[in-house]
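Novice: My questions will all concern the structure given below.
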Amino acid sequence: MSLLGHSAIGIDVSDGTLKAVQLQGSGRSLTLRRTWRMPLAGDTAADRADAVAAFLRRARPASGTRLVLPAPAEESATRTFVVPVMDAGRVAELVRYELLSDLGLPDDDLVIRHLARPGEGDLQVLAYALRRRRVDQQAAALRERGVDVDAWELPGFALASFVDLELPGVRDRIVLGVGRTASDLVLMAEGGLWARHLALGLESAPADELAGRLRAEVDAAVAALLPGDQPFRPQQVVLTEEGALDAAFTGALKKAFDLPLARVDTLRRMHASVLLQHDEQTPEQALSSARAFGLALAGLEAGAFRCPAVTGGARREALRLAPVVTACVLIAAATLVLLGEQARARAHELQETLSIASLGDLLDRTRHRDELRQETAAAQAQADRLLSLAQRRTDVLLPRRALAAVSAVAGEREGQTLHLERLWLDAGEPGQAGALALTLHAAPEFDASLGERLQRALAAEFADVEVHGPEPAPVAGLSQWSVKIVLP
């Protein structure tokens, strides 16, 4: 855990109430400094921006305090992928391709972010996509009110970071942040993290009905989000936010889930400041702010699942860095003056030591060395170009081999629809695995046998082949199959 920032405020405006938490970090120690709670007049982007502006006028945070808000999670989507170890740029490209393929939405409509977590030989990548129009609306509303913050985090990731900090050691669990008008559902497992934003809250239905609907949403999320080979055996349900303070709802939730119910009723990994005793809020209200806690942890760079959707705060960052920049400029100026004096003294010393003839010979040798370096660099560049050309020629053969294998299967289609919709190639670099992905559309008559036939045909050409399907294709009446091949 890294506490690079000294102080951070998480401001949660995602559920009809503004809840804020200020944490301070010193070394590996966390201190809860303040909590706030303010009602919201509405739940539009403008209402949220008004509430944030009013809160900042009241709290008056110092320029060194980082401010983190929840990203607008409506219509968001999360996924977890396991990919071979590869360059960070290739991971980002692969994540974008997979999400766009799954969601079927244009690239311009989404803000896509991911967090790569190293595993045993592979990378576990937690990824999510937000609707860009919602992000732009919120950003514009804040700019109109002169509000400048440091980052926006996905609410589900913030919840997961707080629960992971305060209730460690549980492999699989369900986290429910149940508010008055909306909720966040998070599935935490050793194999990944999945989150959904739900338009369900304490005001949506009676306690028993709401608990049943949330149980149905959890079952649907497990079935839809987790891969078929991903075992998920939750050991507990963690309840946070306003729902954790509602006795009737807590009892109904215990009946709906045949699992132990946990609530964070005591801060175990952070201690409360003495000033907090004089705050307006009770400890119970402070502990119903798990999202705000997680956002503050992100501001301190102490959250286990920190992955900002949007980073900003250029003006705040400039204010924060101004004293440091001034000191660096003064130090650099003094250093330059000192180096200049030393250089002049050394030059004078050399002139007194060497003869004019020796100086001329030294200059000739220096020019000759520079010419040799230029020739070496040119030869190296030419060799690199030749190697790159050879690599590209080899890369071209890989899709041809895959297409030839698929063509052999297509030759047995007996008049039914079977065509290649998309092919994507990441050739990789020496020492790193590449990837080849194919998407096929086929008549439903092939659903029972196409997966096995594709696996058999491609396995003859490639060592690592995964075939997934069938799924409904964007074209009505057809099935969609996807093939992933790890290239040597």
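Simple scheme: letters A, B, ... for chains in structure tokens order, numbers from 1 for residues in each chain, numbers from 1 for ligands in the order shown.
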Write out as JSON, numbers by chain each polymer residue whose atoms come within 6 Å of range 123-130 of chain A, counting only C-alpha atoms; drop sequence neighbours fewer than 2 positions from it.
Specialist: {"A": [76, 77, 78, 79, 80, 81, 82, 83, 85, 110, 111, 112, 113, 114, 115, 116, 117, 118, 119]}
Novice: Ranking A:Ala459, A:Ala211, A:Leu56, A:Ala292 by minimum distance to Phe157 in chain A and counting only C-alpha atoms, which one comes first?
Specialist: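 Smallest separation from Phe157 in chain A among the options: A:Ala292.
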Novice: Using only C-alpha atoms, which residue out of A:Ala88, A:Glu217, A:Glu461, A:Arg131 lies closest to Asp108 in chain A?
Specialist: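 Looking at the shortest contact to Asp108 in chain A, the residue is A:Arg131.
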Novice: Using DSSP on the backbone coordinates, identify the residues of range 46-235 of chain A assigned to alpha helix (DSSP H); present them as a ChimeraX atom specification.
Specialist: /A:46-59,88-103,132-144,155-166,207-225
Novice: Rounded to one decimal place, report the CA of Val186 in chain A-CA of Glu166 in chain A distance in Å.
Specialist: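 Distance reported for this atom pair: 15.7 Å.
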Novice: Leaving out Phe55 in chain A and any residue of its chain fewer than 3 positions from it, which residues lie within 10 Å of it when counting only C-alpha atoms, given as a ChimeraX atom specification?
Specialist: /A:11,18-20,36-38,49-52,58-61
Novice: Print the selection's residues with C-alpha atoms to a file, as a PDB file, in the first residue's frame.
Specialist:
```pdb
ATOM      1  CA  ILE A  11     -16.885  12.931  -2.341  1.00  0.00           C
ATOM      2  CA  LEU A  18     -23.513  13.956  -0.709  1.00  0.00           C
ATOM      3  CA  LYS A  19     -21.257  12.009   1.637  1.00  0.00           C
ATOM      4  CA  ALA A  20     -17.609  12.973   1.991  1.00  0.00           C
ATOM      5  CA  TRP A  36     -19.614  15.327   5.967  1.00  0.00           C
ATOM      6  CA  ARG A  37     -23.184  14.699   4.905  1.00  0.00           C
ATOM      7  CA  MET A  38     -25.354  17.051   2.814  1.00  0.00           C
ATOM      8  CA  ALA A  49     -22.228  19.724  -9.523  1.00  0.00           C
ATOM      9  CA  ASP A  50     -24.137  22.278  -7.398  1.00  0.00           C
ATOM     10  CA  ALA A  51     -23.769  20.023  -4.347  1.00  0.00           C
ATOM     11  CA  VAL A  52     -20.035  19.521  -4.906  1.00  0.00           C
ATOM     12  CA  ARG A  58     -18.033  24.796   3.170  1.00  0.00           C
ATOM     13  CA  ALA A  59     -15.073  22.414   3.617  1.00  0.00           C
ATOM     14  CA  ARG A  60     -12.388  24.723   2.117  1.00  0.00           C
ATOM     15  CA  PRO A  61      -9.862  21.946   1.442  1.00  0.00           C
TER      16      PRO A  61
END
```
Novice: Could you check which of A:Asp229, A:Glu241, A:Asp102, A:Asp122 is closest to Gly177 in chain A, using only C-alpha atoms?
Specialist: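 The answer is A:Glu241, which sits nearest to Gly177 in chain A.
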Novice: Residues near range 144-151 of chain A, anyone? I mean within 12 Å using only C-alpha atoms, not counting same-chain ones fewer than 3 positions away, as a PDB file with N, CA and C atoms, in the first residue's frame.
Specialist:
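out08.pdb written:
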```pdb
ATOM      1  N   GLY A   5       0.010  10.535  -1.359  1.00  0.00           N
ATOM      2  CA  GLY A   5      -0.608  11.798  -1.016  1.00  0.00           C
ATOM      3  C   GLY A   5      -0.737  11.913   0.489  1.00  0.00           C
ATOM      4  N   ALA A   8      -6.585  13.334   1.420  1.00  0.00           N
ATOM      5  CA  ALA A   8      -7.507  13.185   0.287  1.00  0.00           C
ATOM      6  C   ALA A   8      -8.929  13.182   0.808  1.00  0.00           C
ATOM      7  N   ILE A   9      -9.842  13.718  -0.002  1.00  0.00           N
ATOM      8  CA  ILE A   9     -11.267  13.723   0.320  1.00  0.00           C
ATOM      9  C   ILE A   9     -12.005  12.977  -0.781  1.00  0.00           C
ATOM     10  N   GLY A  10     -12.744  11.927  -0.406  1.00  0.00           N
ATOM     11  CA  GLY A  10     -13.628  11.239  -1.319  1.00  0.00           C
ATOM     12  C   GLY A  10     -15.022  11.816  -1.203  1.00  0.00           C
ATOM     13  N   ILE A  11     -15.582  12.251  -2.338  1.00  0.00           N
ATOM     14  CA  ILE A  11     -16.885  12.931  -2.341  1.00  0.00           C
ATOM     15  C   ILE A  11     -17.859  12.066  -3.130  1.00  0.00           C
ATOM     16  N   ALA A  45     -26.900  15.846 -13.438  1.00  0.00           N
ATOM     17  CA  ALA A  45     -25.495  16.274 -13.433  1.00  0.00           C
ATOM     18  C   ALA A  45     -25.354  17.675 -12.845  1.00  0.00           C
ATOM     19  N   ALA A  46     -26.301  18.555 -13.156  1.00  0.00           N
ATOM     20  CA  ALA A  46     -26.250  19.908 -12.611  1.00  0.00           C
ATOM     21  C   ALA A  46     -26.456  19.902 -11.091  1.00  0.00           C
ATOM     22  N   ASP A  47     -27.404  19.073 -10.601  1.00  0.00           N
ATOM     23  CA  ASP A  47     -27.638  18.989  -9.156  1.00  0.00           C
ATOM     24  C   ASP A  47     -26.397  18.490  -8.425  1.00  0.00           C
ATOM     25  N   ARG A  48     -25.751  17.490  -8.987  1.00  0.00           N
ATOM     26  CA  ARG A  48     -24.547  16.947  -8.345  1.00  0.00           C
ATOM     27  C   ARG A  48     -23.428  17.987  -8.341  1.00  0.00           C
ATOM     28  N   ALA A  49     -23.269  18.695  -9.454  1.00  0.00           N
ATOM     29  CA  ALA A  49     -22.228  19.724  -9.523  1.00  0.00           C
ATOM     30  C   ALA A  49     -22.505  20.849  -8.530  1.00  0.00           C
ATOM     31  N   ASP A  50     -23.782  21.256  -8.385  1.00  0.00           N
ATOM     32  CA  ASP A  50     -24.137  22.278  -7.398  1.00  0.00           C
ATOM     33  C   ASP A  50     -23.765  21.817  -5.993  1.00  0.00           C
ATOM     34  N   ALA A  51     -24.058  20.545  -5.684  1.00  0.00           N
ATOM     35  CA  ALA A  51     -23.769  20.023  -4.347  1.00  0.00           C
ATOM     36  C   ALA A  51     -22.267  19.981  -4.091  1.00  0.00           C
ATOM     37  N   VAL A  52     -21.491  19.570  -5.083  1.00  0.00           N
ATOM     38  CA  VAL A  52     -20.035  19.521  -4.906  1.00  0.00           C
ATOM     39  C   VAL A  52     -19.470  20.925  -4.695  1.00  0.00           C
ATOM     40  N   ALA A  53     -19.940  21.899  -5.485  1.00  0.00           N
ATOM     41  CA  ALA A  53     -19.463  23.275  -5.336  1.00  0.00           C
ATOM     42  C   ALA A  53     -19.808  23.825  -3.954  1.00  0.00           C
ATOM     43  N   ALA A  54     -21.052  23.559  -3.480  1.00  0.00           N
ATOM     44  CA  ALA A  54     -21.449  24.025  -2.153  1.00  0.00           C
ATOM     45  C   ALA A  54     -20.610  23.363  -1.060  1.00  0.00           C
ATOM     46  N   PHE A  55     -20.342  22.075  -1.220  1.00  0.00           N
ATOM     47  CA  PHE A  55     -19.532  21.375  -0.223  1.00  0.00           C
ATOM     48  C   PHE A  55     -18.115  21.944  -0.153  1.00  0.00           C
ATOM     49  N   LEU A  56     -17.503  22.201  -1.312  1.00  0.00           N
ATOM     50  CA  LEU A  56     -16.134  22.714  -1.310  1.00  0.00           C
ATOM     51  C   LEU A  56     -16.063  24.109  -0.702  1.00  0.00           C
ATOM     52  N   ARG A  57     -17.115  24.917  -0.898  1.00  0.00           N
ATOM     53  CA  ARG A  57     -17.135  26.234  -0.239  1.00  0.00           C
ATOM     54  C   ARG A  57     -17.199  26.064   1.275  1.00  0.00           C
ATOM     55  N   PRO A  61     -11.038  22.829   1.370  1.00  0.00           N
ATOM     56  CA  PRO A  61      -9.862  21.946   1.442  1.00  0.00           C
ATOM     57  C   PRO A  61      -8.598  22.678   1.029  1.00  0.00           C
ATOM     58  N   SER A  63      -4.915  23.235  -0.755  1.00  0.00           N
ATOM     59  CA  SER A  63      -4.501  22.926  -2.129  1.00  0.00           C
ATOM     60  C   SER A  63      -3.784  21.584  -2.211  1.00  0.00           C
ATOM     61  N   GLY A  64      -3.172  21.138  -1.107  1.00  0.00           N
ATOM     62  CA  GLY A  64      -2.481  19.860  -1.113  1.00  0.00           C
ATOM     63  C   GLY A  64      -3.382  18.663  -0.937  1.00  0.00           C
ATOM     64  N   THR A  65      -4.665  18.873  -0.653  1.00  0.00           N
ATOM     65  CA  THR A  65      -5.613  17.775  -0.456  1.00  0.00           C
ATOM     66  C   THR A  65      -6.185  17.341  -1.802  1.00  0.00           C
ATOM     67  N   ARG A  66      -6.077  16.067  -2.096  1.00  0.00           N
ATOM     68  CA  ARG A  66      -6.597  15.550  -3.374  1.00  0.00           C
ATOM     69  C   ARG A  66      -8.102  15.307  -3.250  1.00  0.00           C
ATOM     70  N   LEU A  67      -8.839  15.637  -4.298  1.00  0.00           N
ATOM     71  CA  LEU A  67     -10.291  15.482  -4.348  1.00  0.00           C
ATOM     72  C   LEU A  67     -10.655  14.430  -5.387  1.00  0.00           C
ATOM     73  N   VAL A  68     -11.435  13.419  -4.977  1.00  0.00           N
ATOM     74  CA  VAL A  68     -11.810  12.328  -5.877  1.00  0.00           C
ATOM     75  C   VAL A  68     -13.327  12.163  -5.856  1.00  0.00           C
ATOM     76  N   LEU A  69     -13.955  12.090  -7.039  1.00  0.00           N
ATOM     77  CA  LEU A  69     -15.394  11.924  -7.190  1.00  0.00           C
ATOM     78  C   LEU A  69     -15.699  10.581  -7.836  1.00  0.00           C
ATOM     79  N   PRO A  70     -16.942  10.079  -7.671  1.00  0.00           N
ATOM     80  CA  PRO A  70     -17.313   8.838  -8.372  1.00  0.00           C
ATOM     81  C   PRO A  70     -17.639   9.129  -9.831  1.00  0.00           C
ATOM     82  N   ALA A  71     -17.144   8.286 -10.727  1.00  0.00           N
ATOM     83  CA  ALA A  71     -17.497   8.410 -12.144  1.00  0.00           C
ATOM     84  C   ALA A  71     -18.960   8.021 -12.330  1.00  0.00           C
ATOM     85  N   GLN A 137     -21.077  15.175 -19.676  1.00  0.00           N
ATOM     86  CA  GLN A 137     -22.078  16.006 -19.004  1.00  0.00           C
ATOM     87  C   GLN A 137     -21.621  16.396 -17.603  1.00  0.00           C
ATOM     88  N   GLN A 138     -21.103  15.425 -16.855  1.00  0.00           N
ATOM     89  CA  GLN A 138     -20.666  15.727 -15.498  1.00  0.00           C
ATOM     90  C   GLN A 138     -19.471  16.673 -15.496  1.00  0.00           C
ATOM     91  N   ALA A 139     -18.523  16.446 -16.414  1.00  0.00           N
ATOM     92  CA  ALA A 139     -17.346  17.313 -16.482  1.00  0.00           C
ATOM     93  C   ALA A 139     -17.738  18.741 -16.847  1.00  0.00           C
ATOM     94  N   ALA A 140     -18.659  18.884 -17.801  1.00  0.00           N
ATOM     95  CA  ALA A 140     -19.092  20.224 -18.214  1.00  0.00           C
ATOM     96  C   ALA A 140     -19.801  20.940 -17.074  1.00  0.00           C
ATOM     97  N   ALA A 141     -20.653  20.225 -16.327  1.00  0.00           N
ATOM     98  CA  ALA A 141     -21.364  20.847 -15.209  1.00  0.00           C
ATOM     99  C   ALA A 141     -20.391  21.335 -14.138  1.00  0.00           C
ATOM    100  N   LEU A 154     -14.388   4.653 -10.553  1.00  0.00           N
ATOM    101  CA  LEU A 154     -15.604   3.863 -10.673  1.00  0.00           C
ATOM    102  C   LEU A 154     -16.112   3.518  -9.264  1.00  0.00           C
ATOM    103  N   LEU A 295     -13.137   6.190  -2.329  1.00  0.00           N
ATOM    104  CA  LEU A 295     -12.667   7.295  -3.170  1.00  0.00           C
ATOM    105  C   LEU A 295     -11.493   8.014  -2.513  1.00  0.00           C
ATOM    106  N   ALA A 296     -11.569   8.206  -1.187  1.00  0.00           N
ATOM    107  CA  ALA A 296     -10.449   8.844  -0.481  1.00  0.00           C
ATOM    108  C   ALA A 296      -9.202   7.973  -0.527  1.00  0.00           C
ATOM    109  N   LEU A 297      -9.385   6.647  -0.404  1.00  0.00           N
ATOM    110  CA  LEU A 297      -8.232   5.740  -0.534  1.00  0.00           C
ATOM    111  C   LEU A 297      -7.588   5.889  -1.907  1.00  0.00           C
ATOM    112  N   ALA A 298      -8.410   6.041  -2.943  1.00  0.00           N
ATOM    113  CA  ALA A 298      -7.861   6.245  -4.289  1.00  0.00           C
ATOM    114  C   ALA A 298      -7.053   7.534  -4.350  1.00  0.00           C
ATOM    115  N   GLY A 299      -7.533   8.582  -3.676  1.00  0.00           N
ATOM    116  CA  GLY A 299      -6.793   9.839  -3.657  1.00  0.00           C
ATOM    117  C   GLY A 299      -5.441   9.720  -2.983  1.00  0.00           C
ATOM    118  N   LEU A 300      -5.338   8.825  -1.989  1.00  0.00           N
ATOM    119  CA  LEU A 300      -4.056   8.579  -1.321  1.00  0.00           C
ATOM    120  C   LEU A 300      -3.223   7.530  -2.044  1.00  0.00           C
ATOM    121  N   GLU A 301      -3.740   7.017  -3.166  1.00  0.00           N
ATOM    122  CA  GLU A 301      -3.095   5.930  -3.917  1.00  0.00           C
ATOM    123  C   GLU A 301      -2.909   4.706  -3.030  1.00  0.00           C
ATOM    124  N   ARG A 306      -7.374   0.767  -7.464  1.00  0.00           N
ATOM    125  CA  ARG A 306      -7.348   2.132  -7.967  1.00  0.00           C
ATOM    126  C   ARG A 306      -7.195   2.131  -9.483  1.00  0.00           C
ATOM    127  N   CYS A 307      -8.167   2.723 -10.175  1.00  0.00           N
ATOM    128  CA  CYS A 307      -8.130   2.784 -11.637  1.00  0.00           C
ATOM    129  C   CYS A 307      -8.978   3.975 -12.071  1.00  0.00           C
ATOM    130  N   PRO A 308      -8.431   5.191 -12.088  1.00  0.00           N
ATOM    131  CA  PRO A 308      -9.243   6.383 -12.349  1.00  0.00           C
ATOM    132  C   PRO A 308      -9.848   6.379 -13.744  1.00  0.00           C
ATOM    133  N   ALA A 309     -11.145   6.703 -13.802  1.00  0.00           N
ATOM    134  CA  ALA A 309     -11.816   6.816 -15.093  1.00  0.00           C
ATOM    135  C   ALA A 309     -11.383   8.081 -15.816  1.00  0.00           C
ATOM    136  N   VAL A 310     -11.237   9.157 -15.065  1.00  0.00           N
ATOM    137  CA  VAL A 310     -10.823  10.438 -15.625  1.00  0.00           C
ATOM    138  C   VAL A 310      -9.855  11.066 -14.642  1.00  0.00           C
ATOM    139  N   THR A 311      -8.744  11.569 -15.118  1.00  0.00           N
ATOM    140  CA  THR A 311      -7.837  12.343 -14.283  1.00  0.00           C
ATOM    141  C   THR A 311      -7.879  13.779 -14.750  1.00  0.00           C
ATOM    142  N   GLY A 312      -7.791  14.686 -13.832  1.00  0.00           N
ATOM    143  CA  GLY A 312      -7.874  16.092 -14.196  1.00  0.00           C
ATOM    144  C   GLY A 312      -7.164  16.911 -13.154  1.00  0.00           C
ATOM    145  N   GLY A 313      -7.788  18.030 -12.796  1.00  0.00           N
ATOM    146  CA  GLY A 313      -7.215  18.845 -11.735  1.00  0.00           C
ATOM    147  C   GLY A 313      -5.916  19.519 -12.123  1.00  0.00           C
ATOM    148  N   ALA A 314      -5.798  19.980 -13.389  1.00  0.00           N
ATOM    149  CA  ALA A 314      -4.541  20.615 -13.788  1.00  0.00           C
ATOM    150  C   ALA A 314      -4.248  21.843 -12.932  1.00  0.00           C
ATOM    151  N   ARG A 315      -5.285  22.634 -12.647  1.00  0.00           N
ATOM    152  CA  ARG A 315      -5.066  23.844 -11.846  1.00  0.00           C
ATOM    153  C   ARG A 315      -4.690  23.481 -10.418  1.00  0.00           C
ATOM    154  N   ARG A 316      -5.386  22.470  -9.828  1.00  0.00           N
ATOM    155  CA  ARG A 316      -5.052  22.057  -8.464  1.00  0.00           C
ATOM    156  C   ARG A 316      -3.648  21.452  -8.418  1.00  0.00           C
ATOM    157  N   GLU A 317      -3.298  20.681  -9.439  1.00  0.00           N
ATOM    158  CA  GLU A 317      -1.959  20.092  -9.457  1.00  0.00           C
ATOM    159  C   GLU A 317      -0.899  21.181  -9.552  1.00  0.00           C
ATOM    160  N   ALA A 318      -1.184  22.230 -10.338  1.00  0.00           N
ATOM    161  CA  ALA A 318      -0.232  23.336 -10.459  1.00  0.00           C
ATOM    162  C   ALA A 318      -0.057  24.051  -9.117  1.00  0.00           C
ATOM    163  N   LEU A 319      -1.183  24.298  -8.415  1.00  0.00           N
ATOM    164  CA  LEU A 319      -1.092  24.924  -7.093  1.00  0.00           C
ATOM    165  C   LEU A 319      -0.304  24.054  -6.123  1.00  0.00           C
ATOM    166  N   ARG A 320      -0.527  22.743  -6.213  1.00  0.00           N
ATOM    167  CA  ARG A 320       0.140  21.815  -5.310  1.00  0.00           C
ATOM    168  C   ARG A 320       1.650  21.768  -5.581  1.00  0.00           C
TER     169      ARG A 320
END
```
Novice: For CA of Asp43 in chain A and CA of Arg196 in chain A, quote the distance in Å rounded to one decimal.
Specialist: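 A separation of 18.6 Å between them.
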Novice: Hey, can you check how far CA of Gln22 in chain A sits from CA of Ser289 in chain A?
Specialist: 11.3 Å
Novice: Taking only C-alpha atoms into account, which of A:Leu287, A:Val178, A:Ala160, A:Leu165 comes nearest Arg269 in chain A?
Specialist: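 Using only C-alpha atoms, the shortest distance to Arg269 in chain A belongs to A:Leu165.
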Novice: Could you tell me which of A:Asp172, A:Asp370, A:Asp164, A:Asp364 comes closest to Gly303 in chain A if we count only C-alpha atoms?
Specialist: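 Answer, going by the shortest atom-to-atom distance: A:Asp164.
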Novice: Please determine, counting only C-alpha atoms, which residue among A:Ser204, A:Gln342, A:Gln235, A:Ser161 has the shortest atom-to-atom distance to Gly294 in chain A.
Specialist: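 That would be A:Ser161, the residue with the smallest distance to Gly294 in chain A.
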